[in-house]
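Asker: Handing over query30.pdb, PDB, N, CA and C atoms, pLDDT in the B column.
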ATOM      1  N   MET A   1      -5.079 -34.033 -18.955  1.00 92.00           N
ATOM      2  CA  MET A   1      -5.564 -35.383 -18.755  1.00 92.00           C
ATOM      3  C   MET A   1      -4.454 -36.214 -18.095  1.00 92.00           C
ATOM      4  N   PHE A   2      -4.836 -37.003 -17.125  1.00 91.00           N
ATOM      5  CA  PHE A   2      -3.880 -37.831 -16.398  1.00 91.00           C
ATOM      6  C   PHE A   2      -3.778 -39.211 -17.033  1.00 91.00           C
ATOM      7  N   THR A   3      -2.617 -39.817 -16.886  1.00 94.00           N
ATOM      8  CA  THR A   3      -2.395 -41.162 -17.413  1.00 94.00           C
ATOM      9  C   THR A   3      -2.282 -42.147 -16.255  1.00 94.00           C
ATOM     10  N   TYR A   4      -2.293 -43.438 -16.575  1.00 89.00           N
ATOM     11  CA  TYR A   4      -2.097 -44.449 -15.540  1.00 89.00           C
ATOM     12  C   TYR A   4      -0.725 -44.307 -14.895  1.00 89.00           C
ATOM     13  N   ASN A   5       0.259 -43.904 -15.672  1.00 93.00           N
ATOM     14  CA  ASN A   5       1.596 -43.716 -15.114  1.00 93.00           C
ATOM     15  C   ASN A   5       1.588 -42.592 -14.074  1.00 93.00           C
ATOM     16  N   ASP A   6       0.864 -41.512 -14.328  1.00 95.00           N
ATOM     17  CA  ASP A   6       0.732 -40.429 -13.344  1.00 95.00           C
ATOM     18  C   ASP A   6       0.100 -40.950 -12.060  1.00 95.00           C
ATOM     19  N   PHE A   7      -0.920 -41.780 -12.205  1.00 91.00           N
ATOM     20  CA  PHE A   7      -1.608 -42.367 -11.061  1.00 91.00           C
ATOM     21  C   PHE A   7      -0.652 -43.245 -10.251  1.00 91.00           C
ATOM     22  N   ARG A   8       0.167 -44.030 -10.932  1.00 91.00           N
ATOM     23  CA  ARG A   8       1.152 -44.892 -10.254  1.00 91.00           C
ATOM     24  C   ARG A   8       2.181 -44.059  -9.489  1.00 91.00           C
ATOM     25  N   ILE A   9       2.613 -42.964 -10.072  1.00 95.00           N
ATOM     26  CA  ILE A   9       3.588 -42.096  -9.402  1.00 95.00           C
ATOM     27  C   ILE A   9       3.005 -41.538  -8.109  1.00 95.00           C
ATOM     28  N   VAL A  10       1.762 -41.114  -8.151  1.00 93.00           N
ATOM     29  CA  VAL A  10       1.105 -40.588  -6.950  1.00 93.00           C
ATOM     30  C   VAL A  10       0.997 -41.674  -5.878  1.00 93.00           C
ATOM     31  N   LEU A  11       0.606 -42.887  -6.269  1.00 91.00           N
ATOM     32  CA  LEU A  11       0.497 -43.977  -5.304  1.00 91.00           C
ATOM     33  C   LEU A  11       1.840 -44.282  -4.648  1.00 91.00           C
ATOM     34  N   LYS A  12       2.908 -44.292  -5.424  1.00 92.00           N
ATOM     35  CA  LYS A  12       4.239 -44.543  -4.870  1.00 92.00           C
ATOM     36  C   LYS A  12       4.637 -43.461  -3.886  1.00 92.00           C
ATOM     37  N   ARG A  13       4.337 -42.219  -4.209  1.00 93.00           N
ATOM     38  CA  ARG A  13       4.671 -41.101  -3.314  1.00 93.00           C
ATOM     39  C   ARG A  13       3.882 -41.146  -2.022  1.00 93.00           C
ATOM     40  N   LEU A  14       2.698 -41.751  -2.063  1.00 89.00           N
ATOM     41  CA  LEU A  14       1.869 -41.897  -0.861  1.00 89.00           C
ATOM     42  C   LEU A  14       2.169 -43.196  -0.109  1.00 89.00           C
ATOM     43  N   ASP A  15       3.254 -43.863  -0.470  1.00 87.00           N
ATOM     44  CA  ASP A  15       3.718 -45.103   0.178  1.00 87.00           C
ATOM     45  C   ASP A  15       2.794 -46.288  -0.008  1.00 87.00           C
ATOM     46  N   PHE A  16       2.060 -46.325  -1.106  1.00 89.00           N
ATOM     47  CA  PHE A  16       1.312 -47.524  -1.439  1.00 89.00           C
ATOM     48  C   PHE A  16       2.289 -48.522  -2.044  1.00 89.00           C
ATOM     49  N   LYS A  17       2.076 -49.796  -1.764  1.00 87.00           N
ATOM     50  CA  LYS A  17       2.948 -50.854  -2.271  1.00 87.00           C
ATOM     51  C   LYS A  17       2.239 -51.611  -3.388  1.00 87.00           C
ATOM     52  N   PHE A  18       2.966 -51.828  -4.477  1.00 87.00           N
ATOM     53  CA  PHE A  18       2.447 -52.602  -5.593  1.00 87.00           C
ATOM     54  C   PHE A  18       2.434 -54.066  -5.196  1.00 87.00           C
ATOM     55  N   VAL A  19       1.264 -54.707  -5.288  1.00 83.00           N
ATOM     56  CA  VAL A  19       1.107 -56.068  -4.786  1.00 83.00           C
ATOM     57  C   VAL A  19       1.042 -57.097  -5.902  1.00 83.00           C
ATOM     58  N   ARG A  20       0.281 -56.856  -6.931  1.00 78.00           N
ATOM     59  CA  ARG A  20       0.007 -57.900  -7.919  1.00 78.00           C
ATOM     60  C   ARG A  20      -0.167 -57.270  -9.292  1.00 78.00           C
ATOM     61  N   SER A  21       0.296 -57.975 -10.290  1.00 72.00           N
ATOM     62  CA  SER A  21       0.087 -57.489 -11.652  1.00 72.00           C
ATOM     63  C   SER A  21      -0.105 -58.669 -12.593  1.00 72.00           C
ATOM     64  N   LYS A  22      -1.312 -59.138 -12.709  1.00 75.00           N
ATOM     65  CA  LYS A  22      -1.655 -60.126 -13.728  1.00 75.00           C
ATOM     66  C   LYS A  22      -2.612 -59.428 -14.679  1.00 75.00           C
ATOM     67  N   LYS A  23      -3.857 -59.489 -14.351  1.00 81.00           N
ATOM     68  CA  LYS A  23      -4.840 -58.803 -15.177  1.00 81.00           C
ATOM     69  C   LYS A  23      -5.089 -57.381 -14.683  1.00 81.00           C
ATOM     70  N   HIS A  24      -4.947 -57.185 -13.375  1.00 82.00           N
ATOM     71  CA  HIS A  24      -5.178 -55.875 -12.770  1.00 82.00           C
ATOM     72  C   HIS A  24      -4.007 -55.515 -11.871  1.00 82.00           C
ATOM     73  N   GLU A  25      -3.845 -54.227 -11.660  1.00 82.00           N
ATOM     74  CA  GLU A  25      -2.838 -53.762 -10.711  1.00 82.00           C
ATOM     75  C   GLU A  25      -3.509 -53.542  -9.374  1.00 82.00           C
ATOM     76  N   THR A  26      -2.859 -53.955  -8.313  1.00 85.00           N
ATOM     77  CA  THR A  26      -3.377 -53.756  -6.967  1.00 85.00           C
ATOM     78  C   THR A  26      -2.317 -53.065  -6.131  1.00 85.00           C
ATOM     79  N   TRP A  27      -2.745 -52.070  -5.391  1.00 84.00           N
ATOM     80  CA  TRP A  27      -1.849 -51.299  -4.527  1.00 84.00           C
ATOM     81  C   TRP A  27      -2.411 -51.326  -3.117  1.00 84.00           C
ATOM     82  N   GLN A  28      -1.544 -51.462  -2.125  1.00 83.00           N
ATOM     83  CA  GLN A  28      -1.975 -51.491  -0.732  1.00 83.00           C
ATOM     84  C   GLN A  28      -1.171 -50.496   0.083  1.00 83.00           C
ATOM     85  N   LYS A  29      -1.829 -49.945   1.071  1.00 80.00           N
ATOM     86  CA  LYS A  29      -1.160 -49.041   2.009  1.00 80.00           C
ATOM     87  C   LYS A  29      -0.908 -49.830   3.287  1.00 80.00           C
ATOM     88  N   ILE A  30       0.356 -49.926   3.679  1.00 73.00           N
ATOM     89  CA  ILE A  30       0.734 -50.622   4.899  1.00 73.00           C
ATOM     90  C   ILE A  30       0.962 -49.576   5.991  1.00 73.00           C
ATOM     91  N   LEU A  31       0.246 -49.732   7.090  1.00 72.00           N
ATOM     92  CA  LEU A  31       0.370 -48.784   8.194  1.00 72.00           C
ATOM     93  C   LEU A  31       1.643 -49.047   8.989  1.00 72.00           C
ATOM     94  N   SER A  32       1.979 -48.134   9.863  1.00 70.00           N
ATOM     95  CA  SER A  32       3.223 -48.239  10.625  1.00 70.00           C
ATOM     96  C   SER A  32       3.278 -49.483  11.514  1.00 70.00           C
ATOM     97  N   ASP A  33       2.134 -50.024  11.907  1.00 70.00           N
ATOM     98  CA  ASP A  33       2.124 -51.236  12.738  1.00 70.00           C
ATOM     99  C   ASP A  33       1.988 -52.503  11.879  1.00 70.00           C
ATOM    100  N   ASN A  34       2.328 -52.394  10.586  1.00 62.00           N
ATOM    101  CA  ASN A  34       2.325 -53.506   9.621  1.00 62.00           C
ATOM    102  C   ASN A  34       0.952 -54.116   9.374  1.00 62.00           C
ATOM    103  N   ILE A  35      -0.082 -53.336   9.549  1.00 61.00           N
ATOM    104  CA  ILE A  35      -1.443 -53.795   9.262  1.00 61.00           C
ATOM    105  C   ILE A  35      -1.905 -53.107   7.988  1.00 61.00           C
ATOM    106  N   MET A  36      -2.466 -53.884   7.082  1.00 60.00           N
ATOM    107  CA  MET A  36      -2.990 -53.306   5.854  1.00 60.00           C
ATOM    108  C   MET A  36      -4.276 -52.565   6.179  1.00 60.00           C
ATOM    109  N   ASP A  37      -4.363 -51.351   5.746  1.00 57.00           N
ATOM    110  CA  ASP A  37      -5.558 -50.557   5.955  1.00 57.00           C
ATOM    111  C   ASP A  37      -6.524 -50.829   4.802  1.00 57.00           C
ATOM    112  N   PRO A  38      -7.635 -51.522   5.038  1.00 59.00           N
ATOM    113  CA  PRO A  38      -8.539 -51.893   3.937  1.00 59.00           C
ATOM    114  C   PRO A  38      -9.185 -50.689   3.264  1.00 59.00           C
ATOM    115  N   GLU A  39      -9.251 -49.553   3.953  1.00 55.00           N
ATOM    116  CA  GLU A  39      -9.854 -48.367   3.343  1.00 55.00           C
ATOM    117  C   GLU A  39      -8.868 -47.677   2.407  1.00 55.00           C
ATOM    118  N   ASN A  40      -7.588 -47.998   2.517  1.00 57.00           N
ATOM    119  CA  ASN A  40      -6.580 -47.388   1.664  1.00 57.00           C
ATOM    120  C   ASN A  40      -6.032 -48.415   0.681  1.00 57.00           C
ATOM    121  N   ARG A  41      -6.927 -49.016  -0.060  1.00 56.00           N
ATOM    122  CA  ARG A  41      -6.547 -49.991  -1.073  1.00 56.00           C
ATOM    123  C   ARG A  41      -7.173 -49.577  -2.389  1.00 56.00           C
ATOM    124  N   THR A  42      -6.429 -49.668  -3.424  1.00 55.00           N
ATOM    125  CA  THR A  42      -6.950 -49.242  -4.725  1.00 55.00           C
ATOM    126  C   THR A  42      -6.497 -50.213  -5.809  1.00 55.00           C
ATOM    127  N   ALA A  43      -7.289 -50.326  -6.836  1.00 53.00           N
ATOM    128  CA  ALA A  43      -6.927 -51.174  -7.983  1.00 53.00           C
ATOM    129  C   ALA A  43      -7.220 -50.397  -9.250  1.00 53.00           C
ATOM    130  N   CYS A  44      -6.414 -50.630 -10.255  1.00 50.00           N
ATOM    131  CA  CYS A  44      -6.672 -49.969 -11.541  1.00 50.00           C
ATOM    132  C   CYS A  44      -6.515 -50.962 -12.667  1.00 50.00           C
TER     133      CYS A  44
END
Output the file's structure in the form of structure tokens.
Answerer:
Amino acid sequence: MFTYNDFRIVLKRLDFKFVRSKKHETWQKILSDNIMDPENRTAC
């Protein structure tokens, strides 16, 4: 069984950036041309 910490480690390895942490965690993938890819966004 996977934990949230395992999920966070995978996101970091895939170069997702942690954006916000109030009630929810939000991670964004920034492309090489500094544009956020809306299809590569996840929240947990």
Asker: Can you tell me, as a list in words, what residues are no more than 6 Å from Phe18 (chain A) when counting all atoms listed in the file, ignoring any on the same chain fewer than 4 positions away?
Answerer: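 Neighbouring residues, sequence-local ones excluded: Thr26, Trp27 and Gln28 of chain A.
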Asker: Any chance you could export the current selection's N, CA and C atoms as an mmCIF file, in the coordinates of the input?
Answerer:
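The resulting selection_34.cif:
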data_model
loop_
_atom_site.group_PDB
_atom_site.id
_atom_site.type_symbol
_atom_site.label_atom_id
_atom_site.label_comp_id
_atom_site.auth_asym_id
_atom_site.auth_seq_id
_atom_site.Cartn_x
_atom_site.Cartn_y
_atom_site.Cartn_z
ATOM 1 N N THR A 26 -2.859 -53.955 -8.313
ATOM 2 C CA THR A 26 -3.377 -53.756 -6.967
ATOM 3 C C THR A 26 -2.317 -53.065 -6.131
ATOM 4 N N TRP A 27 -2.745 -52.070 -5.391
ATOM 5 C CA TRP A 27 -1.849 -51.299 -4.527
ATOM 6 C C TRP A 27 -2.411 -51.326 -3.117
ATOM 7 N N GLN A 28 -1.544 -51.462 -2.125
ATOM 8 C CA GLN A 28 -1.975 -51.491 -0.732
ATOM 9 C C GLN A 28 -1.171 -50.496 0.083
#
Asker: Rounded to one decimal in Å, what is the spacing between atom C of Lys29 (chain A) and atom C of Ile9 (chain A)?
Answerer: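 We find that atom C of Lys29 (chain A) and atom C of Ile9 (chain A) lie 14.6 Å from each other.
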Asker: CA of Phe2 (chain A) and atom N of Ser32 (chain A) are how many Å apart?
Answerer: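 Atom-to-atom, CA of Phe2 (chain A) to atom N of Ser32 (chain A), that is 28.8 Å.
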Asker: Set up a box along x, y and z of the file covering all listed atoms of region 21-29 of chain A, add 8 Å on every one of the six sides, and write the centre and edge lengths in Å to one decimal, as JSON.
Answerer:
{"center_x": -2.4, "center_y": -54.6, "center_z": -5.9, "size_x": 21.5, "size_y": 27.1, "size_z": 34.5}
Asker: Please indicate the distance in Å from atom C of Ile30 (chain A) to CA of Arg8 (chain A), rounded to one decimal place.
Answerer: 16.9 Å
Asker: Select all residues near (1.7, -49.9, -5.3) (cut-off 12 Å, inclusive, file coordinates), counting only C-alpha atoms, and output them as a PyMOL selection string.
Answerer: chain A and resi 5+7-21+24-30+40-44
